[in-house]
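**Student:** Structure file upload00.txt, compact mmCIF, C-alpha atoms, is pasted below:
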```
# COMPACT_ATOMS: atom_id res chain seq x y z
CA MET D 750 89.78 -83.31 79.40
CA LYS D 751 90.85 -86.94 79.19
CA PHE D 752 91.25 -89.24 82.19
CA LEU D 753 92.48 -92.82 82.39
CA ILE D 754 91.37 -95.14 85.19
CA PHE D 755 93.87 -97.95 85.72
CA LEU D 756 92.61 -101.13 87.35
CA GLY D 757 95.44 -102.66 89.35
CA SER D 758 94.45 -106.32 89.34
CA VAL D 759 94.66 -109.29 87.00
CA ARG D 760 93.18 -111.79 89.44
CA ASP D 761 90.14 -113.61 88.13
CA SER D 762 89.70 -116.23 90.82
CA THR D 763 88.62 -116.70 94.41
CA PRO D 764 89.41 -116.20 97.25
CA PRO D 765 88.69 -113.45 97.99
CA ALA D 766 85.15 -113.52 96.74
CA PRO D 767 83.79 -112.24 94.48
CA ALA D 768 86.41 -112.62 91.75
CA ARG D 769 87.66 -109.41 90.15
CA LEU D 770 86.54 -107.35 93.10
CA GLY D 771 88.54 -104.36 91.89
CA LEU D 772 86.67 -104.22 88.60
CA ARG D 773 83.50 -103.07 90.32
CA VAL D 774 85.47 -100.34 92.14
CA ALA D 775 87.02 -99.17 88.86
CA ARG D 776 83.60 -99.21 87.20
CA ALA D 777 82.26 -97.12 90.06
CA CYS D 778 84.94 -94.53 89.30
CA VAL D 779 84.02 -94.53 85.61
CA ALA D 780 80.32 -94.21 86.46
CA HIS D 781 81.01 -91.28 88.77
CA PHE D 782 82.83 -89.38 86.04
CA GLN D 783 80.13 -90.13 83.50
CA ARG D 784 77.38 -89.05 85.89
CA HIS D 785 78.99 -85.98 87.47
CA HIS D 786 81.60 -84.89 84.91
CA PRO D 787 80.11 -85.85 81.52
CA GLU D 788 82.08 -83.13 79.76
CA HIS D 789 85.26 -85.17 80.20
CA SER D 790 86.43 -88.32 78.45
CA VAL D 791 87.15 -91.27 80.76
CA GLU D 792 88.47 -94.72 79.89
CA LEU D 793 89.04 -97.80 82.01
CA ILE D 794 92.37 -99.54 81.43
CA ASP D 795 92.13 -103.20 82.47
CA PRO D 796 95.53 -104.97 82.51
CA LEU D 797 93.81 -108.18 81.39
CA ASP D 798 93.06 -106.40 78.11
CA CYS D 799 96.69 -105.35 77.65
CA LYS D 800 98.73 -107.93 75.79
CA LEU D 801 102.19 -107.58 77.31
CA ASP D 802 105.12 -109.81 76.39
CA SER D 803 106.07 -112.42 78.98
CA VAL D 804 109.61 -111.00 78.99
CA PHE D 805 109.56 -107.46 80.37
CA LYS D 806 110.53 -104.83 77.83
CA PRO D 807 109.29 -101.27 78.36
CA HIS D 808 107.85 -99.14 75.60
CA PHE D 809 110.81 -96.77 75.53
CA ALA D 810 113.24 -99.67 74.92
CA TYR D 811 111.84 -100.30 71.44
CA ALA D 812 113.07 -98.50 68.38
CA ARG D 813 110.70 -95.79 67.19
CA GLY D 814 107.70 -97.41 65.52
CA ALA D 815 108.72 -100.94 66.56
CA ALA D 816 106.73 -101.31 69.80
CA PRO D 817 103.92 -103.93 69.84
CA THR D 818 100.57 -102.52 68.74
CA ASP D 819 98.85 -102.77 72.14
CA LEU D 820 101.81 -101.23 73.94
CA GLN D 821 102.02 -98.37 71.47
CA ALA D 822 98.28 -97.70 71.68
CA LEU D 823 98.41 -97.48 75.48
CA ALA D 824 101.50 -95.25 75.36
CA GLU D 825 99.59 -92.83 73.15
CA LYS D 826 96.60 -92.85 75.50
CA ILE D 827 98.83 -92.14 78.50
CA SER D 828 100.54 -89.25 76.72
CA ALA D 829 97.21 -87.77 75.62
CA ALA D 830 95.55 -88.00 79.04
CA ASP D 831 95.25 -85.04 81.39
CA GLY D 832 95.05 -87.07 84.60
CA TYR D 833 94.98 -90.57 86.03
CA VAL D 834 93.07 -92.61 88.60
CA LEU D 835 94.91 -95.60 90.04
CA VAL D 836 92.72 -98.34 91.53
CA SER D 837 94.67 -100.83 93.61
CA PRO D 838 94.20 -103.62 96.13
CA GLU D 839 96.76 -104.12 98.90
CA TYR D 840 99.47 -106.77 98.76
CA ASN D 841 101.68 -107.05 101.85
CA HIS D 842 100.89 -103.43 102.76
CA SER D 843 101.91 -102.22 99.30
CA MET D 844 100.38 -101.52 95.91
CA SER D 845 99.35 -104.18 93.45
CA PRO D 846 102.27 -105.78 91.58
CA ALA D 847 100.03 -106.01 88.51
CA LEU D 848 99.56 -102.25 88.53
CA ALA D 849 103.26 -101.55 88.97
CA HIS D 850 104.11 -104.03 86.22
CA LEU D 851 101.76 -102.32 83.80
CA LEU D 852 102.84 -98.77 84.58
CA ASN D 853 106.54 -99.64 84.59
CA HIS D 854 106.31 -100.30 80.86
CA PHE D 855 106.22 -96.53 80.32
CA GLY D 856 108.71 -93.80 81.11
CA SER D 857 107.88 -91.16 83.68
CA SER D 858 107.87 -88.48 80.97
CA SER D 859 104.62 -90.00 79.68
CA PHE D 860 102.86 -89.25 82.99
CA ALA D 861 104.76 -86.17 84.12
CA TYR D 862 103.26 -82.77 84.92
CA LYS D 863 99.76 -84.20 85.33
CA PRO D 864 97.82 -85.12 88.49
CA SER D 865 96.63 -88.48 89.73
CA ALA D 866 94.14 -89.80 92.27
CA ILE D 867 94.57 -92.88 94.46
CA VAL D 868 91.70 -95.33 94.97
CA THR D 869 92.29 -98.46 97.05
CA TYR D 870 89.98 -101.25 98.14
CA SER D 871 89.83 -104.53 100.01
CA ALA D 872 87.45 -107.32 100.90
CA GLY D 873 88.27 -106.63 104.56
CA GLN D 874 88.10 -103.65 106.86
CA TRP D 875 91.17 -101.60 105.89
CA GLY D 876 90.26 -100.64 102.34
CA GLY D 877 93.83 -100.84 101.10
CA VAL D 878 94.85 -97.69 102.96
CA ARG D 879 98.37 -98.96 103.68
CA ALA D 880 99.02 -99.53 99.99
CA ALA D 881 97.93 -95.96 99.29
CA VAL D 882 100.72 -94.53 101.44
CA GLY D 883 103.39 -96.15 99.28
CA MET D 884 101.57 -95.25 96.08
CA ARG D 885 102.16 -91.57 96.78
CA SER D 886 105.92 -92.05 96.48
CA TYR D 887 105.56 -94.20 93.37
CA LEU D 888 103.31 -91.70 91.59
CA SER D 889 105.62 -88.87 92.59
CA GLU D 890 108.47 -90.66 90.84
CA LEU D 891 106.31 -90.98 87.73
CA GLY D 892 105.75 -87.25 87.90
CA CYS D 893 101.96 -87.43 88.27
CA LEU D 894 101.61 -86.20 91.83
CA SER D 895 98.56 -87.53 93.65
CA VAL D 896 95.90 -85.20 95.01
CA SER D 897 95.52 -85.06 98.78
CA ALA D 898 92.06 -86.64 98.95
CA MET D 899 92.23 -90.41 98.55
CA VAL D 900 89.47 -92.99 98.26
CA HIS D 901 89.52 -96.16 100.37
CA VAL D 902 86.79 -98.79 100.02
CA PRO D 903 86.64 -101.43 102.77
CA LYS D 904 84.45 -104.48 102.14
CA ALA D 905 84.09 -103.40 98.54
CA GLN D 906 81.88 -106.39 97.77
CA GLU D 907 79.27 -104.89 100.10
CA VAL D 908 79.58 -101.37 98.69
CA PHE D 909 79.48 -101.80 94.92
CA GLN D 910 77.62 -104.13 92.61
CA GLU D 911 79.32 -105.79 89.68
CA ASP D 912 78.35 -102.91 87.36
CA GLY D 913 79.88 -100.36 89.75
CA GLU D 914 76.60 -99.06 91.14
CA VAL D 915 76.18 -98.75 94.90
CA THR D 916 74.35 -101.64 96.56
CA GLN D 917 70.92 -101.11 98.05
CA GLU D 918 72.42 -101.39 101.54
CA GLN D 919 74.67 -98.39 100.98
CA ASP D 920 74.03 -94.63 100.84
CA ALA D 921 74.60 -93.65 97.20
CA THR D 922 74.68 -89.93 98.00
CA ARG D 923 77.41 -90.28 100.61
CA TRP D 924 79.53 -92.45 98.33
CA ALA D 925 79.11 -89.93 95.50
CA GLU D 926 80.30 -87.17 97.83
CA TYR D 927 83.22 -89.29 98.99
CA LEU D 928 84.40 -90.09 95.47
CA GLY D 929 83.65 -86.55 94.38
CA ARG D 930 86.01 -85.00 96.91
CA SER D 931 88.98 -86.74 95.30
CA PHE D 932 87.85 -86.42 91.70
CA LEU D 933 87.02 -82.72 92.02
CA GLN D 934 90.57 -82.15 93.23
CA LEU D 935 91.84 -84.20 90.30
CA GLU D 936 89.75 -82.19 87.86
CA TRP D 937 90.97 -78.86 89.30
CA TRP D 938 94.63 -79.82 89.09
CA ALA D 939 94.21 -81.37 85.66
CA ALA D 940 92.73 -78.13 84.34
CA ALA D 941 95.54 -76.11 85.95
CA THR D 942 98.37 -78.28 84.63
CA LYS D 943 96.82 -78.50 81.17
CA ALA D 944 96.63 -74.72 80.99
CA GLN D 945 100.23 -74.31 82.12
CA ARG D 946 101.48 -76.95 79.66
CA GLY D 947 99.92 -74.75 76.98
CA VAL D 948 102.01 -71.82 78.20
CA VAL D 949 105.32 -73.59 78.83
CA ASP D 950 106.31 -77.05 77.54
CA PRO D 951 107.73 -78.66 80.70
CA HIS D 952 109.64 -81.25 78.69
CA LYS D 953 111.64 -78.44 77.09
CA LEU D 954 112.07 -76.61 80.38
CA VAL D 955 113.37 -79.68 82.24
CA LYS D 956 114.97 -82.40 80.13
CA ASP D 957 113.39 -85.84 80.51
CA PHE D 958 115.38 -88.70 81.98
CA ARG D 959 115.55 -91.16 79.12
CA LEU D 960 118.25 -93.85 79.02
CA ASP D 961 121.47 -92.90 80.81
CA PRO D 962 121.55 -92.62 84.65
CA SER D 963 124.02 -89.76 84.27
CA GLN D 964 121.10 -87.64 83.13
CA ARG D 965 119.84 -87.47 86.69
CA ASN D 966 122.93 -88.10 88.83
CA ALA D 967 124.40 -85.45 91.11
CA PRO D 968 127.57 -83.75 89.81
CA GLY D 969 130.98 -85.25 90.46
```
Take the structure from the file and write it as structure tokens.
**Tutor:**
Amino acid sequence: MKFLIFLGSVRDSTPPAPARLGLRVARACVAHFQRHHPEHSVELIDPLDCKLDSVFKPHFAYARGAAPTDLQALAEKISAADGYVLVSPEYNHSMSPALAHLLNHFGSSSFAYKPSAIVTYSAGQWGGVRAAVGMRSYLSELGCLSVSAMVHVPKAQEVFQEDGEVTQEQDATRWAEYLGRSFLQLEWWAAATKAQRGVVDPHKLVKDFRLDPSQRNAPG
């Protein structure tokens, strides 16, 4: 199966230190998949690598074949994926605006009927847990319901090295088990939804909301 890991930060400065703290958390997620689930394909999506226009225009607003190359490439990766991992810091008790900005470029039909996993982090003691609560509602609206087990990483700079490996001060086995609880759930649901999509095309069963609000409004 194919999984995308979205890093929800574009900050490349301090404070907090070190810069790009979330990148090491996202790399830890990639490393876990590669080490414990090598049969699957996993790719890290860093918003700094995504060239988005300064004026917001979502992928579905372009005429067919007219979307910018980077935007089209990411749209195809999202559609082809079987599940998603969202890695986010906490801003004012909510998810990263950089992550929301990136994901909002794509319609919910691109993510729908697939599972997701929430991973949050912080340089302090809370690990982004308050952002995770709101992310459940957001991911539900995208149609990629989050699995029940979430990952929260407090003081991430003390847990993971820059390459995503656990620091010498931490228990690598316990962190592997902690990440594994969420990712095993993600894998199980991804396999189940992929199998069912092969039986019934959900986009034909339930029409996608595309352009007109009337497509989802209550009658009368």
**Student:** Please list, as a list in words, the residues that have an atom at most 9 Å away from (93.2, -103.3, 99.0) in the coordinates of this file, counting all atoms listed in the file.
**Tutor:**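 Residues close enough to count: Gly771, Val836, Ser837, Pro838, Glu839, Tyr840, His842, Ser843, Met844, Ser845, Thr869, Tyr870, Ser871, Ala872, Gly873, Trp875, Gly876, Gly877, Val878, Arg879, Ala880, Ala881, His901, Val902 and Pro903 of chain D.
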**Student:** Pull C-alpha atoms from the residues just selected and write them as a short mmCIF file (atom, residue, chain, number, x, y, z; two decimals), in the frame of the given file.
**Tutor:**
```cif
data_model
loop_
_atom_site.label_atom_id
_atom_site.label_comp_id
_atom_site.auth_asym_id
_atom_site.auth_seq_id
_atom_site.Cartn_x
_atom_site.Cartn_y
_atom_site.Cartn_z
CA GLY D 771 88.54 -104.36 91.89
CA VAL D 836 92.72 -98.34 91.53
CA SER D 837 94.67 -100.83 93.61
CA PRO D 838 94.20 -103.62 96.13
CA GLU D 839 96.76 -104.12 98.90
CA TYR D 840 99.47 -106.77 98.76
CA HIS D 842 100.89 -103.43 102.76
CA SER D 843 101.91 -102.22 99.30
CA MET D 844 100.38 -101.52 95.91
CA SER D 845 99.35 -104.18 93.45
CA THR D 869 92.29 -98.46 97.05
CA TYR D 870 89.98 -101.25 98.14
CA SER D 871 89.83 -104.53 100.01
CA ALA D 872 87.45 -107.32 100.90
CA GLY D 873 88.27 -106.63 104.56
CA TRP D 875 91.17 -101.60 105.89
CA GLY D 876 90.26 -100.64 102.34
CA GLY D 877 93.83 -100.84 101.10
CA VAL D 878 94.85 -97.69 102.96
CA ARG D 879 98.37 -98.96 103.68
CA ALA D 880 99.02 -99.53 99.99
CA ALA D 881 97.93 -95.96 99.29
CA HIS D 901 89.52 -96.16 100.37
CA VAL D 902 86.79 -98.79 100.02
CA PRO D 903 86.64 -101.43 102.77
#
```
**Student:** Record the distance separating CA of Val882 in chain D and CA of Ser865 in chain D, expressed in Å with one decimal.
**Tutor:**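 Atom-to-atom, CA of Val882 in chain D to CA of Ser865 in chain D, that is 13.8 Å.
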**Student:** How close does each residue of range 827-846 of chain D get to range 937-947 of chain D, giving the shortest atom pair and distance in Å to one decimal for every residue with an atom at most 10 Å away, counting only C-alpha atoms, sorted by chain and residue number, as a Markdown table?
**Tutor:**
```
| residue | atom | partner | partner_atom | distance |
| --- | --- | --- | --- | --- |
| D:Ala830 | CA | D:Ala939 | CA | 9.5 |
| D:Asp831 | CA | D:Ala939 | CA | 5.7 |
| D:Gly832 | CA | D:Ala939 | CA | 5.9 |
| D:Tyr833 | CA | D:Ala939 | CA | 9.2 |
```
**Student:** Interatomic distance between CA of Ala849 in chain D and CA of Ser790 in chain D?
**Tutor:**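 Atom-to-atom, CA of Ala849 in chain D to CA of Ser790 in chain D, that is 23.9 Å.
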**Student:** One decimal, Å: what's the distance from CA of Val915 in chain D over to CA of Ala777 in chain D, could you say?
**Tutor:**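 Value for the CA of Val915 in chain D-CA of Ala777 in chain D distance: 7.9 Å.
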**Student:** Give me, as a ChimeraX atom specification, all polymer residues having an atom no more than 7 Å from Val896 in chain D, counting all atoms listed in the file and skipping those fewer than 6 positions away in the same chain.
**Tutor:** /D:864-866,934-935
**Student:** Write out the residues from the selection above, keeping C-alpha atoms, as a PDB file, keeping the file's coordinate frame.
**Tutor:**
```
ATOM      1  CA  PRO D 864      97.820 -85.120  88.490  1.00  0.00           C
ATOM      2  CA  SER D 865      96.630 -88.480  89.730  1.00  0.00           C
ATOM      3  CA  ALA D 866      94.140 -89.800  92.270  1.00  0.00           C
ATOM      4  CA  GLN D 934      90.570 -82.150  93.230  1.00  0.00           C
ATOM      5  CA  LEU D 935      91.840 -84.200  90.300  1.00  0.00           C
TER       6      LEU D 935
END
```
**Student:** Under the rule that only C-alpha atoms are counted, which of D:Tyr887, D:Tyr811, D:Trp924, D:Phe909 is the nearest residue to Leu848 in chain D?
**Tutor:**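 Nearest to Leu848 in chain D: D:Tyr887.
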**Student:** Once you count all atoms listed in the file, which residues end up no further than 12 Å from (90.4, -102.3, 86.1) in the file's frame, shown as a VMD selection string?
**Tutor:** chain D and resid 753 to 761 769 to 779 792 to 799 834 to 838 845 847 to 848 851 868 to 869 913
**Student:** Since the input has fewer atoms than a full residue there, write range 864-891 of chain D out with N, CA and C atoms, as a PDB file, keeping the file's coordinate frame.
**Tutor:**
```pdb
ATOM      1  N   PRO D 864      98.182 -84.604  87.174  1.00  0.00           N
ATOM      2  CA  PRO D 864      97.820 -85.120  88.490  1.00  0.00           C
ATOM      3  C   PRO D 864      97.271 -86.544  88.436  1.00  0.00           C
ATOM      4  N   SER D 865      97.206 -87.143  89.602  1.00  0.00           N
ATOM      5  CA  SER D 865      96.630 -88.480  89.730  1.00  0.00           C
ATOM      6  C   SER D 865      95.800 -88.552  91.006  1.00  0.00           C
ATOM      7  N   ALA D 866      94.950 -89.549  91.074  1.00  0.00           N
ATOM      8  CA  ALA D 866      94.140 -89.800  92.270  1.00  0.00           C
ATOM      9  C   ALA D 866      94.286 -91.273  92.648  1.00  0.00           C
ATOM     10  N   ILE D 867      94.367 -91.529  93.943  1.00  0.00           N
ATOM     11  CA  ILE D 867      94.570 -92.880  94.460  1.00  0.00           C
ATOM     12  C   ILE D 867      93.250 -93.426  94.979  1.00  0.00           C
ATOM     13  N   VAL D 868      92.882 -94.612  94.488  1.00  0.00           N
ATOM     14  CA  VAL D 868      91.700 -95.330  94.970  1.00  0.00           C
ATOM     15  C   VAL D 868      92.144 -96.732  95.360  1.00  0.00           C
ATOM     16  N   THR D 869      91.934 -97.114  96.611  1.00  0.00           N
ATOM     17  CA  THR D 869      92.290 -98.460  97.050  1.00  0.00           C
ATOM     18  C   THR D 869      91.055 -99.154  97.618  1.00  0.00           C
ATOM     19  N   TYR D 870      91.124-100.473  97.681  1.00  0.00           N
ATOM     20  CA  TYR D 870      89.980-101.250  98.140  1.00  0.00           C
ATOM     21  C   TYR D 870      90.452-102.554  98.770  1.00  0.00           C
ATOM     22  N   SER D 871      89.543-103.202  99.468  1.00  0.00           N
ATOM     23  CA  SER D 871      89.830-104.530 100.010  1.00  0.00           C
ATOM     24  C   SER D 871      88.519-105.239 100.294  1.00  0.00           C
ATOM     25  N   ALA D 872      88.617-106.547 100.478  1.00  0.00           N
ATOM     26  CA  ALA D 872      87.450-107.320 100.900  1.00  0.00           C
ATOM     27  C   ALA D 872      87.276-107.237 102.403  1.00  0.00           C
ATOM     28  N   GLY D 873      88.307-106.764 103.114  1.00  0.00           N
ATOM     29  CA  GLY D 873      88.270-106.630 104.560  1.00  0.00           C
ATOM     30  C   GLY D 873      88.052-105.196 105.004  1.00  0.00           C
ATOM     31  N   GLN D 874      88.481-104.909 106.217  1.00  0.00           N
ATOM     32  CA  GLN D 874      88.100-103.650 106.860  1.00  0.00           C
ATOM     33  C   GLN D 874      89.014-102.462 106.559  1.00  0.00           C
ATOM     34  N   TRP D 875      90.214-102.688 106.001  1.00  0.00           N
ATOM     35  CA  TRP D 875      91.170-101.600 105.890  1.00  0.00           C
ATOM     36  C   TRP D 875      91.054-100.819 104.584  1.00  0.00           C
ATOM     37  N   GLY D 876      90.461-101.374 103.583  1.00  0.00           N
ATOM     38  CA  GLY D 876      90.260-100.640 102.340  1.00  0.00           C
ATOM     39  C   GLY D 876      91.524-100.335 101.555  1.00  0.00           C
ATOM     40  N   GLY D 877      92.599-101.055 101.850  1.00  0.00           N
ATOM     41  CA  GLY D 877      93.830-100.840 101.100  1.00  0.00           C
ATOM     42  C   GLY D 877      94.593 -99.590 101.462  1.00  0.00           C
ATOM     43  N   VAL D 878      94.272 -98.990 102.609  1.00  0.00           N
ATOM     44  CA  VAL D 878      94.850 -97.690 102.960  1.00  0.00           C
ATOM     45  C   VAL D 878      96.368 -97.751 103.078  1.00  0.00           C
ATOM     46  N   ARG D 879      96.918 -98.883 103.515  1.00  0.00           N
ATOM     47  CA  ARG D 879      98.370 -98.960 103.680  1.00  0.00           C
ATOM     48  C   ARG D 879      99.080 -98.976 102.329  1.00  0.00           C
ATOM     49  N   ALA D 880      98.445 -99.565 101.338  1.00  0.00           N
ATOM     50  CA  ALA D 880      99.020 -99.530  99.990  1.00  0.00           C
ATOM     51  C   ALA D 880      99.048 -98.105  99.457  1.00  0.00           C
ATOM     52  N   ALA D 881      98.035 -97.329  99.802  1.00  0.00           N
ATOM     53  CA  ALA D 881      97.930 -95.960  99.290  1.00  0.00           C
ATOM     54  C   ALA D 881      99.100 -95.103  99.740  1.00  0.00           C
ATOM     55  N   VAL D 882      99.607 -95.340 100.931  1.00  0.00           N
ATOM     56  CA  VAL D 882     100.720 -94.530 101.440  1.00  0.00           C
ATOM     57  C   VAL D 882     101.939 -94.684 100.532  1.00  0.00           C
ATOM     58  N   GLY D 883     102.257 -95.923 100.162  1.00  0.00           N
ATOM     59  CA  GLY D 883     103.390 -96.150  99.280  1.00  0.00           C
ATOM     60  C   GLY D 883     103.142 -95.679  97.857  1.00  0.00           C
ATOM     61  N   MET D 884     101.885 -95.674  97.443  1.00  0.00           N
ATOM     62  CA  MET D 884     101.570 -95.250  96.080  1.00  0.00           C
ATOM     63  C   MET D 884     101.879 -93.778  95.867  1.00  0.00           C
ATOM     64  N   ARG D 885     101.818 -92.983  96.912  1.00  0.00           N
ATOM     65  CA  ARG D 885     102.160 -91.570  96.780  1.00  0.00           C
ATOM     66  C   ARG D 885     103.602 -91.397  96.284  1.00  0.00           C
ATOM     67  N   SER D 886     104.521 -92.144  96.888  1.00  0.00           N
ATOM     68  CA  SER D 886     105.920 -92.050  96.480  1.00  0.00           C
ATOM     69  C   SER D 886     106.112 -92.538  95.046  1.00  0.00           C
ATOM     70  N   TYR D 887     105.437 -93.626  94.714  1.00  0.00           N
ATOM     71  CA  TYR D 887     105.560 -94.200  93.370  1.00  0.00           C
ATOM     72  C   TYR D 887     105.055 -93.208  92.322  1.00  0.00           C
ATOM     73  N   LEU D 888     103.889 -92.624  92.558  1.00  0.00           N
ATOM     74  CA  LEU D 888     103.310 -91.700  91.590  1.00  0.00           C
ATOM     75  C   LEU D 888     104.132 -90.415  91.508  1.00  0.00           C
ATOM     76  N   SER D 889     104.731 -90.020  92.615  1.00  0.00           N
ATOM     77  CA  SER D 889     105.620 -88.870  92.590  1.00  0.00           C
ATOM     78  C   SER D 889     106.801 -89.112  91.673  1.00  0.00           C
ATOM     79  N   GLU D 890     107.354 -90.325  91.711  1.00  0.00           N
ATOM     80  CA  GLU D 890     108.470 -90.660  90.840  1.00  0.00           C
ATOM     81  C   GLU D 890     108.051 -90.674  89.379  1.00  0.00           C
ATOM     82  N   LEU D 891     106.809 -91.052  89.109  1.00  0.00           N
ATOM     83  CA  LEU D 891     106.310 -90.980  87.730  1.00  0.00           C
ATOM     84  C   LEU D 891     106.056 -89.550  87.281  1.00  0.00           C
TER      85      LEU D 891
END
```
